[in-house]
Amino acid sequence: MRIAVLGGDGYCGWATALYLSKHGHDVAIVDNYIRRKWDIDLGVSTLTPILSLRNRLQLWKDLTGNVIEVFEGDMRDYAFLSAHIREFEPDTVIHFAEQRSAPYSMIDREHATFTQVNNIVGTLNLLFALREFKPDCHLVKLGTMGEYGTPNIDIEEGYIRIEHNGRSDVLPYPKQAGSFYHLSKVHDSHNIMFCCRAWGLRATDLNQGVVYGTTTDETALDEGLVNRFDYDEIFGTALNRFCIEAAAGHPITVYGKGGQTRGFLDIRDTIRCVEIACHHPANPGEFRVFNQFTEQFSVLELAHMVEAAGEKFGLSVVIDHIPDPRVEAEAHYYNAKNSKLIDLGLQPHMLSDSLIDSLINIALKYKNRIDTSVFMPQVNWRNASNNRNGTVRTPSGVVMEPSEV
Ligand code: NAD
Ligand code: USQ
């Protein structure tokens, strides 16, 4: 297949692009490197030193003979994006290219509006470009489990049958997102669903849980292909952060009681789920939703697993319950369905002690790059403006003028 990986310089996109390239697909990466600029703006960095995209791809070509094309540009720039679709003519577009941090979107008004413009306008531009130039292309869109929130009933995969006043219908599952970022994904889902209905586009929304891990078979080929491994309060996610905190001798930062339960998955399953979606496309006019996670854990359960692993390394790991900076339930019912990808052949990598050990090992390897000042959360959901000790600047590349969009 000809597969465009939008956001292919990022954490999930990089691993996916290499995997698909290795498995014989013609892959193109679209990215504007804006994530690298956000890191600089916020004074944070991936633990693992990553090369520029051009250098990474040259190395990939030297090692494997496989060429991955690059299209440098912004999803908000319709002329650029539509030209890419016209020129590359993808059979499948995998869309990772969004601002994906909940804390980033809660910094202040500028970061909230930037996140929603970047994500919603980028996705809308893509929908129009597909409609105009490649209406049979399958859109595989990364959504998030956080679209559903934490309802007191089971979470279905996208849709729920409702009985009301003696009548019944299958309707989109109710959305109760917990940040301006998660809300951007809800708005995306609505726009994509509408375009499938109105224009006959075909799309799969992958409502992904929290991803952990960093190494895949492809990134392990050479140090220069290493993936991102974020640990700061803005872009670091729970388990990855906990492993690096343990390696640094910093208390594990459990927010509040730690009963927050989420769906999680190994990055090796991210790439496999996306591949499965590509190989089993939605039908024309169909808007399909898969819940993309393999196991549920509470944050405190993960912290205890890392604590136990740390002991084996001789690390003295302390679990700290710090006041929850987010507005979220700290203890709640959670039971989300995730059978659709399994039915299509996913064989999950379950979270194992050895995986946690390997993450701690990577953290120890790069220990001299750990900046312990970025562990504690400084973005509080209850504040209208969080200045993170004066480090907050206007988002790079903020575009609010309709002519620029
Ligand atoms: P990331 O920040 O590492 O990568 C995103 C990439 O998209 C970056 O390289 C960035 O430069 C690019 N990008 C962003 N806006 C762009 C724009 N306007 N034009 C061009 N390129 C742009 O993020 P990630 O962790 O790889 O996440 C990828 C996708 O998966 C996101 O949509 C995210 O919401 C979703 N997701 C991630 C996780 C997770 O735990 N990482 C979990 C669930 C869902
Ligand atoms: N948490 C802690 N301590 C920490 C970090 C997080 O207790 O040091 C808690 C948070 O309060 C939250 C849970 O862990 O309850 C998950 O937080 P997270 O930062 O790991 O993940 P989240 O903000 O939800 O976002 C990540 C990705 C996002 C993706 C989402 C999937 O950054 O792109 O959409 O996971 S989901 O959570 O299913 O919505």
# chains A, B, ... in the order shown; residues from 1 in each chain; ligands from 1
>>> select_by_dssp(residues="region 213-329 of chain A", states="alpha helix (DSSP H)", output="count of residues only")
38
>>> residues_near_ligand(ligand="ligand 1", cutoff="6 Å", atoms="only C-alpha atoms and all ligand atoms", output="NGL selection string")
:A and (7-13 or 31-35 or 73-76 or 96-100 or 118 or 122 or 142-144 or 208-211)
>>> residues_around(residues="Thr46 (chain A)", least_positions_apart="3", cutoff="8 Å", atoms="only C-alpha atoms", output="list in words")
Pro49, Ile50, Arg228, Phe229, Asp230 and Tyr231 of chain A
>>> write_last_selection(atoms="C-alpha atoms", output="PDB file, in the first residue's frame")
ATOM      1  CA  PRO A  49      18.670  11.957  21.949  1.00  0.00           C
ATOM      2  CA  ILE A  50      16.880  11.904  18.587  1.00  0.00           C
ATOM      3  CA  ARG A 228      11.330   9.673  21.760  1.00  0.00           C
ATOM      4  CA  PHE A 229      11.026   8.875  25.494  1.00  0.00           C
ATOM      5  CA  ASP A 230       9.307  11.823  27.178  1.00  0.00           C
ATOM      6  CA  TYR A 231       9.162  12.225  30.925  1.00  0.00           C
TER       7      TYR A 231
END
>>> residues_near_ligand(ligand="ligand 2", cutoff="8 Å", atoms="only C-alpha atoms and all ligand atoms", output="VMD selection string")
chain A and resid 99 to 103 143 to 147 149 181 to 182 207 to 211 233 to 239 241 to 242 252 to 256 258 260 to 264 299 to 300 324 to 326 328 330 375 to 377
>>> residues_around(residues="Asp353 (chain A)", least_positions_apart="4", cutoff="9 Å", atoms="only C-alpha atoms", output="PyMOL selection string")
chain A and resi 305-306+308-309+357-358
>>> write_last_selection(atoms="all heavy atoms", output="mmCIF file, in the first residue's frame")
data_model
loop_
_atom_site.group_PDB
_atom_site.id
_atom_site.type_symbol
_atom_site.label_atom_id
_atom_site.label_comp_id
_atom_site.auth_asym_id
_atom_site.auth_seq_id
_atom_site.Cartn_x
_atom_site.Cartn_y
_atom_site.Cartn_z
ATOM 1 N N MET A 305 4.070 -1.353 40.600
ATOM 2 C CA MET A 305 4.856 -2.240 39.727
ATOM 3 C C MET A 305 6.255 -1.670 39.516
ATOM 4 O O MET A 305 7.255 -2.389 39.518
ATOM 5 C CB MET A 305 4.145 -2.441 38.381
ATOM 6 C CG MET A 305 2.880 -3.270 38.507
ATOM 7 S SD MET A 305 1.854 -3.230 37.021
ATOM 8 C CE MET A 305 2.648 -4.449 36.031
ATOM 9 N N VAL A 306 6.330 -0.355 39.330
ATOM 10 C CA VAL A 306 7.642 0.273 39.130
ATOM 11 C C VAL A 306 8.445 0.224 40.435
ATOM 12 O O VAL A 306 9.663 -0.009 40.420
ATOM 13 C CB VAL A 306 7.472 1.726 38.622
ATOM 14 C CG1 VAL A 306 8.820 2.430 38.536
ATOM 15 C CG2 VAL A 306 6.777 1.737 37.263
ATOM 16 N N ALA A 308 8.344 -2.108 42.686
ATOM 17 C CA ALA A 308 8.880 -3.468 42.824
ATOM 18 C C ALA A 308 10.058 -3.679 41.876
ATOM 19 O O ALA A 308 11.086 -4.269 42.246
ATOM 20 C CB ALA A 308 7.775 -4.494 42.538
ATOM 21 N N ALA A 309 9.932 -3.166 40.648
ATOM 22 C CA ALA A 309 11.035 -3.321 39.688
ATOM 23 C C ALA A 309 12.270 -2.565 40.176
ATOM 24 O O ALA A 309 13.398 -3.062 40.077
ATOM 25 C CB ALA A 309 10.608 -2.810 38.314
ATOM 26 N N ASP A 357 11.475 -3.438 33.549
ATOM 27 C CA ASP A 357 12.937 -3.477 33.759
ATOM 28 C C ASP A 357 13.654 -2.810 32.583
ATOM 29 O O ASP A 357 14.600 -2.045 32.768
ATOM 30 C CB ASP A 357 13.441 -4.922 33.871
ATOM 31 C CG ASP A 357 12.928 -5.613 35.129
ATOM 32 O OD1 ASP A 357 12.322 -4.926 35.969
ATOM 33 O OD2 ASP A 357 13.141 -6.841 35.243
ATOM 34 N N SER A 358 13.191 -3.116 31.365
ATOM 35 C CA SER A 358 13.903 -2.568 30.198
ATOM 36 C C SER A 358 13.739 -1.053 30.141
ATOM 37 O O SER A 358 14.667 -0.337 29.758
ATOM 38 C CB SER A 358 13.439 -3.242 28.902
ATOM 39 O OG SER A 358 12.166 -2.755 28.542
#
>>> residues_around(residues="Ile356 (chain A)", least_positions_apart="3", cutoff="12 Å", atoms="only C-alpha atoms", output="mmCIF file with N, CA, C and O atoms, in the first residue's frame")
data_model
loop_
_atom_site.group_PDB
_atom_site.id
_atom_site.type_symbol
_atom_site.label_atom_id
_atom_site.label_comp_id
_atom_site.auth_asym_id
_atom_site.auth_seq_id
_atom_site.Cartn_x
_atom_site.Cartn_y
_atom_site.Cartn_z
ATOM 1 N N TYR A 212 2.900 3.141 26.368
ATOM 2 C CA TYR A 212 4.158 3.057 27.125
ATOM 3 C C TYR A 212 5.213 2.324 26.291
ATOM 4 O O TYR A 212 4.886 1.649 25.308
ATOM 5 N N GLY A 213 6.463 2.441 26.740
ATOM 6 C CA GLY A 213 7.561 1.788 26.022
ATOM 7 C C GLY A 213 8.179 2.758 25.044
ATOM 8 O O GLY A 213 7.677 3.867 24.838
ATOM 9 N N THR A 214 9.258 2.344 24.442
ATOM 10 C CA THR A 214 9.900 3.216 23.460
ATOM 11 C C THR A 214 10.568 2.412 22.353
ATOM 12 O O THR A 214 10.659 2.859 21.223
ATOM 13 N N THR A 215 10.969 1.177 22.659
ATOM 14 C CA THR A 215 11.748 0.410 21.686
ATOM 15 C C THR A 215 10.858 -0.512 20.855
ATOM 16 O O THR A 215 9.961 -1.166 21.380
ATOM 17 N N LEU A 239 3.273 5.704 32.850
ATOM 18 C CA LEU A 239 4.258 4.647 33.136
ATOM 19 C C LEU A 239 5.671 5.056 32.714
ATOM 20 O O LEU A 239 6.645 4.808 33.444
ATOM 21 N N ASN A 240 5.804 5.681 31.546
ATOM 22 C CA ASN A 240 7.139 6.125 31.111
ATOM 23 C C ASN A 240 7.738 7.069 32.143
ATOM 24 O O ASN A 240 8.921 6.967 32.508
ATOM 25 N N ARG A 241 6.919 8.010 32.634
ATOM 26 C CA ARG A 241 7.411 8.952 33.650
ATOM 27 C C ARG A 241 7.845 8.211 34.918
ATOM 28 O O ARG A 241 8.912 8.481 35.468
ATOM 29 N N PHE A 242 7.019 7.277 35.358
ATOM 30 C CA PHE A 242 7.313 6.596 36.625
ATOM 31 C C PHE A 242 8.656 5.862 36.549
ATOM 32 O O PHE A 242 9.435 5.845 37.510
ATOM 33 N N CYS A 243 8.928 5.222 35.389
ATOM 34 C CA CYS A 243 10.192 4.475 35.253
ATOM 35 C C CYS A 243 11.379 5.431 35.312
ATOM 36 O O CYS A 243 12.416 5.118 35.930
ATOM 37 N N ILE A 244 11.241 6.585 34.689
ATOM 38 C CA ILE A 244 12.370 7.532 34.662
ATOM 39 C C ILE A 244 12.511 8.197 36.032
ATOM 40 O O ILE A 244 13.630 8.436 36.507
ATOM 41 N N ALA A 246 11.857 6.745 38.835
ATOM 42 C CA ALA A 246 12.508 5.735 39.685
ATOM 43 C C ALA A 246 14.015 5.722 39.423
ATOM 44 O O ALA A 246 14.822 5.706 40.359
ATOM 45 N N ALA A 247 14.403 5.766 38.150
ATOM 46 C CA ALA A 247 15.831 5.725 37.807
ATOM 47 C C ALA A 247 16.563 6.962 38.327
ATOM 48 O O ALA A 247 17.741 6.894 38.689
ATOM 49 N N ASP A 266 1.346 -1.161 24.875
ATOM 50 C CA ASP A 266 2.764 -1.125 24.504
ATOM 51 C C ASP A 266 2.873 -0.481 23.124
ATOM 52 O O ASP A 266 2.048 -0.752 22.251
ATOM 53 N N LEU A 302 0.303 0.919 38.681
ATOM 54 C CA LEU A 302 1.539 1.066 37.896
ATOM 55 C C LEU A 302 2.693 1.515 38.784
ATOM 56 O O LEU A 302 3.818 1.016 38.661
ATOM 57 N N ALA A 303 2.394 2.446 39.676
ATOM 58 C CA ALA A 303 3.451 2.946 40.570
ATOM 59 C C ALA A 303 4.006 1.797 41.408
ATOM 60 O O ALA A 303 5.239 1.682 41.588
ATOM 61 N N HIS A 304 3.135 0.923 41.901
ATOM 62 C CA HIS A 304 3.618 -0.214 42.705
ATOM 63 C C HIS A 304 4.447 -1.175 41.861
ATOM 64 O O HIS A 304 5.427 -1.753 42.344
ATOM 65 N N MET A 305 4.070 -1.353 40.600
ATOM 66 C CA MET A 305 4.856 -2.240 39.727
ATOM 67 C C MET A 305 6.255 -1.670 39.516
ATOM 68 O O MET A 305 7.255 -2.389 39.518
ATOM 69 N N VAL A 306 6.330 -0.355 39.330
ATOM 70 C CA VAL A 306 7.642 0.273 39.130
ATOM 71 C C VAL A 306 8.445 0.224 40.435
ATOM 72 O O VAL A 306 9.663 -0.009 40.420
ATOM 73 N N GLU A 307 7.761 0.401 41.554
ATOM 74 C CA GLU A 307 8.440 0.321 42.863
ATOM 75 C C GLU A 307 9.104 -1.052 43.018
ATOM 76 O O GLU A 307 10.282 -1.165 43.381
ATOM 77 N N ALA A 308 8.344 -2.108 42.686
ATOM 78 C CA ALA A 308 8.880 -3.468 42.824
ATOM 79 C C ALA A 308 10.058 -3.679 41.876
ATOM 80 O O ALA A 308 11.086 -4.269 42.246
ATOM 81 N N ALA A 309 9.932 -3.166 40.648
ATOM 82 C CA ALA A 309 11.035 -3.321 39.688
ATOM 83 C C ALA A 309 12.270 -2.565 40.176
ATOM 84 O O ALA A 309 13.398 -3.062 40.077
ATOM 85 N N GLY A 310 12.053 -1.373 40.703
ATOM 86 C CA GLY A 310 13.171 -0.543 41.174
ATOM 87 C C GLY A 310 13.985 -1.248 42.242
ATOM 88 O O GLY A 310 15.222 -1.138 42.263
ATOM 89 N N LYS A 312 14.669 -4.317 42.479
ATOM 90 C CA LYS A 312 15.600 -5.275 41.860
ATOM 91 C C LYS A 312 16.874 -4.578 41.380
ATOM 92 O O LYS A 312 17.930 -5.175 41.280
ATOM 93 N N PHE A 313 16.747 -3.285 41.034
ATOM 94 C CA PHE A 313 17.911 -2.510 40.573
ATOM 95 C C PHE A 313 18.657 -1.873 41.748
ATOM 96 O O PHE A 313 19.602 -1.124 41.536
ATOM 97 N N MET A 350 1.372 -8.020 26.744
ATOM 98 C CA MET A 350 0.891 -7.591 28.055
ATOM 99 C C MET A 350 2.040 -6.957 28.832
ATOM 100 O O MET A 350 3.208 -7.324 28.638
ATOM 101 N N LEU A 351 1.695 -6.038 29.716
ATOM 102 C CA LEU A 351 2.733 -5.364 30.509
ATOM 103 C C LEU A 351 3.410 -6.385 31.414
ATOM 104 O O LEU A 351 2.747 -7.067 32.202
ATOM 105 N N SER A 352 4.723 -6.496 31.292
ATOM 106 C CA SER A 352 5.456 -7.509 32.053
ATOM 107 C C SER A 352 6.516 -6.832 32.907
ATOM 108 O O SER A 352 6.918 -5.690 32.640
ATOM 109 N N ASP A 353 6.996 -7.573 33.913
ATOM 110 C CA ASP A 353 8.088 -7.060 34.727
ATOM 111 C C ASP A 353 9.300 -6.771 33.843
ATOM 112 O O ASP A 353 10.010 -5.788 34.038
ATOM 113 N N LEU A 359 12.581 -0.539 30.559
ATOM 114 C CA LEU A 359 12.402 0.920 30.564
ATOM 115 C C LEU A 359 13.313 1.569 31.608
ATOM 116 O O LEU A 359 13.902 2.624 31.366
ATOM 117 N N ILE A 360 13.415 0.938 32.763
ATOM 118 C CA ILE A 360 14.310 1.495 33.796
ATOM 119 C C ILE A 360 15.757 1.445 33.298
ATOM 120 O O ILE A 360 16.528 2.385 33.493
ATOM 121 N N ASN A 361 16.101 0.372 32.601
ATOM 122 C CA ASN A 361 17.449 0.263 32.044
ATOM 123 C C ASN A 361 17.752 1.388 31.062
ATOM 124 O O ASN A 361 18.840 1.972 31.080
ATOM 125 N N ILE A 362 16.780 1.693 30.199
ATOM 126 C CA ILE A 362 16.989 2.787 29.238
ATOM 127 C C ILE A 362 17.153 4.100 30.001
ATOM 128 O O ILE A 362 18.018 4.926 29.693
ATOM 129 N N ALA A 363 16.320 4.274 31.039
ATOM 130 C CA ALA A 363 16.404 5.508 31.831
ATOM 131 C C ALA A 363 17.776 5.619 32.508
ATOM 132 O O ALA A 363 18.374 6.703 32.565
#
>>> closest_residue(among="A:Asn335, A:Thr64, A:Thr92, A:Asn368", to="Asp154 (chain A)", atoms="only C-alpha atoms")
A:Asn335
>>> residues_around(residues="Phe290 (chain A)", least_positions_apart="6", cutoff="7 Å", atoms="only C-alpha atoms", output="list of chain:residue names")
A:Glu157, A:Gly158, A:Asp205, A:Leu206, A:Asn207, A:Lys340, A:Leu341
>>> write_last_selection(atoms="all heavy atoms", output="JSON list (two decimals), in the first residue's frame")
[["chain", "number", "residue", "atom", "x", "y", "z"],
["A", 157, "GLU", "N", -17.35, 0.37, 22.10],
["A", 157, "GLU", "CA", -16.39, 0.84, 21.08],
["A", 157, "GLU", "C", -17.10, 1.79, 20.12],
["A", 157, "GLU", "O", -17.56, 1.40, 19.06],
["A", 157, "GLU", "CB", -15.76, -0.35, 20.36],
["A", 157, "GLU", "CG", -14.97, -1.22, 21.33],
["A", 157, "GLU", "CD", -13.94, -2.12, 20.68],
["A", 157, "GLU", "OE1", -13.07, -1.64, 19.96],
["A", 157, "GLU", "OE2", -14.02, -3.34, 20.93],
["A", 158, "GLY", "N", -17.20, 3.02, 20.54],
["A", 158, "GLY", "CA", -17.70, 4.08, 19.66],
["A", 158, "GLY", "C", -19.19, 4.32, 19.71],
["A", 158, "GLY", "O", -19.65, 5.46, 19.68],
["A", 205, "ASP", "N", -11.53, 5.45, 13.45],
["A", 205, "ASP", "CA", -11.07, 6.26, 14.57],
["A", 205, "ASP", "C", -10.51, 5.29, 15.60],
["A", 205, "ASP", "O", -11.25, 4.43, 16.12],
["A", 205, "ASP", "CB", -12.28, 7.02, 15.15],
["A", 205, "ASP", "CG", -11.89, 8.31, 15.86],
["A", 205, "ASP", "OD1", -10.70, 8.64, 15.90],
["A", 205, "ASP", "OD2", -12.81, 8.99, 16.38],
["A", 206, "LEU", "N", -9.22, 5.41, 15.88],
["A", 206, "LEU", "CA", -8.59, 4.50, 16.85],
["A", 206, "LEU", "C", -8.53, 5.23, 18.19],
["A", 206, "LEU", "O", -7.69, 6.11, 18.39],
["A", 206, "LEU", "CB", -7.19, 4.12, 16.38],
["A", 206, "LEU", "CG", -7.12, 3.31, 15.08],
["A", 206, "LEU", "CD1", -5.67, 3.14, 14.62],
["A", 206, "LEU", "CD2", -7.79, 1.95, 15.25],
["A", 207, "ASN", "N", -9.44, 4.88, 19.07],
["A", 207, "ASN", "CA", -9.45, 5.54, 20.39],
["A", 207, "ASN", "C", -8.39, 4.87, 21.27],
["A", 207, "ASN", "O", -8.64, 3.88, 21.95],
["A", 207, "ASN", "CB", -10.84, 5.45, 21.02],
["A", 207, "ASN", "CG", -11.76, 6.52, 20.44],
["A", 207, "ASN", "OD1", -11.30, 7.45, 19.78],
["A", 207, "ASN", "ND2", -13.05, 6.39, 20.67],
["A", 340, "LYS", "N", -12.51, -5.40, 19.30],
["A", 340, "LYS", "CA", -12.55, -5.35, 17.83],
["A", 340, "LYS", "C", -11.18, -5.60, 17.20],
["A", 340, "LYS", "O", -11.08, -6.31, 16.20],
["A", 340, "LYS", "CB", -13.12, -4.02, 17.36],
["A", 340, "LYS", "CG", -14.62, -3.89, 17.65],
["A", 340, "LYS", "CD", -15.21, -2.70, 16.95],
["A", 340, "LYS", "CE", -16.69, -2.56, 17.28],
["A", 340, "LYS", "NZ", -17.26, -1.34, 16.72],
["A", 341, "LEU", "N", -10.14, -5.01, 17.77],
["A", 341, "LEU", "CA", -8.79, -5.23, 17.20],
["A", 341, "LEU", "C", -8.30, -6.66, 17.49],
["A", 341, "LEU", "O", -7.63, -7.27, 16.66],
["A", 341, "LEU", "CB", -7.81, -4.19, 17.75],
["A", 341, "LEU", "CG", -7.98, -2.81, 17.09],
["A", 341, "LEU", "CD1", -7.42, -1.70, 17.96],
["A", 341, "LEU", "CD2", -7.31, -2.79, 15.71]]
>>> closest_residue(among="A:Val379, A:Ala203, A:Ala79, A:Val289", to="Tyr173 (chain A)", atoms="only C-alpha atoms")
A:Val289
>>> select_by_dssp(residues="region 225-362 of chain A", states="strand (DSSP E or B)", output="list in words")
Ile252, Thr253, Val254, Tyr255, Gly259, Thr261, Arg262, Gly263, Phe264, Leu265, Asp266, Phe287, Arg288, Val289, Phe290, Asn291, Gln292, Glu295, Gln296, Phe297, Ser298, Ile319, Asp320, His321, Ile322, Ala331 and Ala336 of chain A
>>> residues_around(residues="region 190-200 of chain A", least_positions_apart="4", cutoff="7 Å", atoms="only C-alpha atoms", output="VMD selection string")
chain A and resid 186 284 to 287
>>> write_last_selection(atoms="N, CA, C and O atoms", output="mmCIF file, in the first residue's frame")
data_model
loop_
_atom_site.group_PDB
_atom_site.id
_atom_site.type_symbol
_atom_site.label_atom_id
_atom_site.label_comp_id
_atom_site.auth_asym_id
_atom_site.auth_seq_id
_atom_site.Cartn_x
_atom_site.Cartn_y
_atom_site.Cartn_z
ATOM 1 N N VAL A 186 -12.713 14.863 20.426
ATOM 2 C CA VAL A 186 -14.168 14.674 20.300
ATOM 3 C C VAL A 186 -14.664 15.438 19.070
ATOM 4 O O VAL A 186 -15.429 14.910 18.251
ATOM 5 N N PRO A 284 -16.659 2.415 2.201
ATOM 6 C CA PRO A 284 -17.015 3.789 1.835
ATOM 7 C C PRO A 284 -18.249 4.247 2.633
ATOM 8 O O PRO A 284 -19.227 3.497 2.761
ATOM 9 N N GLY A 285 -18.174 5.417 3.212
ATOM 10 C CA GLY A 285 -19.296 5.949 3.999
ATOM 11 C C GLY A 285 -19.304 5.512 5.446
ATOM 12 O O GLY A 285 -20.090 6.013 6.252
ATOM 13 N N GLU A 286 -18.391 4.574 5.791
ATOM 14 C CA GLU A 286 -18.399 4.035 7.157
ATOM 15 C C GLU A 286 -17.451 4.812 8.070
ATOM 16 O O GLU A 286 -16.312 5.091 7.697
ATOM 17 N N PHE A 287 -17.934 5.153 9.268
ATOM 18 C CA PHE A 287 -17.087 5.744 10.306
ATOM 19 C C PHE A 287 -17.010 4.713 11.424
ATOM 20 O O PHE A 287 -17.967 4.490 12.157
#
>>> atom_distance(atom1="CA of Asn383 (chain A)", atom2="CA of His187 (chain A)")
23.4 Å
>>> closest_atom_pairs(of="region 16-131 of chain A", to="region 276-282 of chain A", cutoff="12 Å", atoms="only C-alpha atoms", output="CSV")
residue,atom,partner,partner_atom,distance
A:Thr16,CA,A:Cys278,CA,11.7
A:Leu20,CA,A:Cys278,CA,10.1
A:His25,CA,A:Cys278,CA,10.9
A:Pro90,CA,A:Cys278,CA,11.5
A:Asp91,CA,A:Cys278,CA,9.0
A:Thr92,CA,A:Cys278,CA,6.7
A:Val93,CA,A:Cys278,CA,8.8
A:Ile94,CA,A:Cys278,CA,8.5
A:His95,CA,A:Cys278,CA,11.9
>>> write_last_selection(atoms="C-alpha atoms", output="PDB file, in the first residue's frame")
ATOM      1  CA  THR A  16       4.812   3.144  12.817  1.00  0.00           C
ATOM      2  CA  LEU A  20       5.282  -0.208   7.722  1.00  0.00           C
ATOM      3  CA  HIS A  25       4.661  -0.519   2.089  1.00  0.00           C
ATOM      4  CA  PRO A  90      -2.073   7.400  -0.626  1.00  0.00           C
ATOM      5  CA  ASP A  91      -4.273   4.313  -0.288  1.00  0.00           C
ATOM      6  CA  THR A  92      -4.258   4.968   3.472  1.00  0.00           C
ATOM      7  CA  VAL A  93      -3.545   8.047   5.537  1.00  0.00           C
ATOM      8  CA  ILE A  94      -2.606   7.513   9.186  1.00  0.00           C
ATOM      9  CA  HIS A  95      -3.158  10.753  11.058  1.00  0.00           C
TER      10      HIS A  95
END
>>> atom_distance(atom1="CA of Glu69 (chain A)", atom2="CA of Ala17 (chain A)")
10.4 Å
>>> closest_residue(among="A:Thr216, A:Leu201, A:Lys337, A:Trp38", to="Ile160 (chain A)", atoms="only C-alpha atoms")
A:Lys337
>>> decode(residues="region 140-154 of chain A", atoms="N, CA, C and O atoms", output="compact mmCIF listing (two decimals), in the first residue's frame")
# COMPACT_ATOMS: atom_id res chain seq x y z
N VAL A 140 -7.11 6.56 8.68
CA VAL A 140 -6.93 5.93 10.00
C VAL A 140 -6.52 7.06 10.94
O VAL A 140 -5.43 7.61 10.84
N LYS A 141 -7.41 7.43 11.83
CA LYS A 141 -7.23 8.62 12.66
C LYS A 141 -6.98 8.21 14.11
O LYS A 141 -7.73 7.40 14.65
N LEU A 142 -5.95 8.81 14.71
CA LEU A 142 -5.71 8.53 16.13
C LEU A 142 -6.61 9.40 16.98
O LEU A 142 -6.48 10.62 17.01
N GLY A 143 -7.54 8.73 17.65
CA GLY A 143 -8.37 9.39 18.65
C GLY A 143 -7.83 9.02 20.02
O GLY A 143 -6.67 8.63 20.16
N THR A 144 -8.67 9.09 21.04
CA THR A 144 -8.18 8.77 22.38
C THR A 144 -9.30 8.19 23.24
O THR A 144 -10.47 8.57 23.09
N MET A 145 -8.91 7.27 24.13
CA MET A 145 -9.90 6.72 25.08
C MET A 145 -10.47 7.83 25.95
O MET A 145 -11.58 7.72 26.46
N GLY A 146 -9.68 8.91 26.12
CA GLY A 146 -10.12 10.02 26.96
C GLY A 146 -11.33 10.76 26.40
O GLY A 146 -11.91 11.60 27.10
N GLU A 147 -11.73 10.45 25.17
CA GLU A 147 -12.97 11.07 24.66
C GLU A 147 -14.16 10.65 25.50
O GLU A 147 -15.13 11.38 25.66
N TYR A 148 -14.11 9.42 26.03
CA TYR A 148 -15.28 8.89 26.76
C TYR A 148 -15.34 9.37 28.22
O TYR A 148 -16.39 9.26 28.85
N GLY A 149 -14.20 9.81 28.77
CA GLY A 149 -14.16 10.12 30.20
C GLY A 149 -14.27 8.86 31.02
O GLY A 149 -13.84 7.77 30.59
N THR A 150 -14.82 8.98 32.22
CA THR A 150 -14.92 7.82 33.12
C THR A 150 -16.37 7.64 33.57
O THR A 150 -16.70 7.87 34.73
N PRO A 151 -17.27 7.21 32.67
CA PRO A 151 -18.68 7.04 33.04
C PRO A 151 -18.87 5.86 33.99
O PRO A 151 -18.02 4.97 34.04
N ASN A 152 -19.98 5.85 34.66
CA ASN A 152 -20.25 4.79 35.65
C ASN A 152 -20.89 3.57 35.00
O ASN A 152 -21.55 2.77 35.68
N ILE A 153 -20.76 3.45 33.70
CA ILE A 153 -21.23 2.27 32.96
C ILE A 153 -20.09 1.80 32.06
O ILE A 153 -19.11 2.52 31.87
N ASP A 154 -20.24 0.58 31.49
CA ASP A 154 -19.20 0.06 30.59
C ASP A 154 -19.04 0.98 29.37
O ASP A 154 -20.02 1.53 28.86
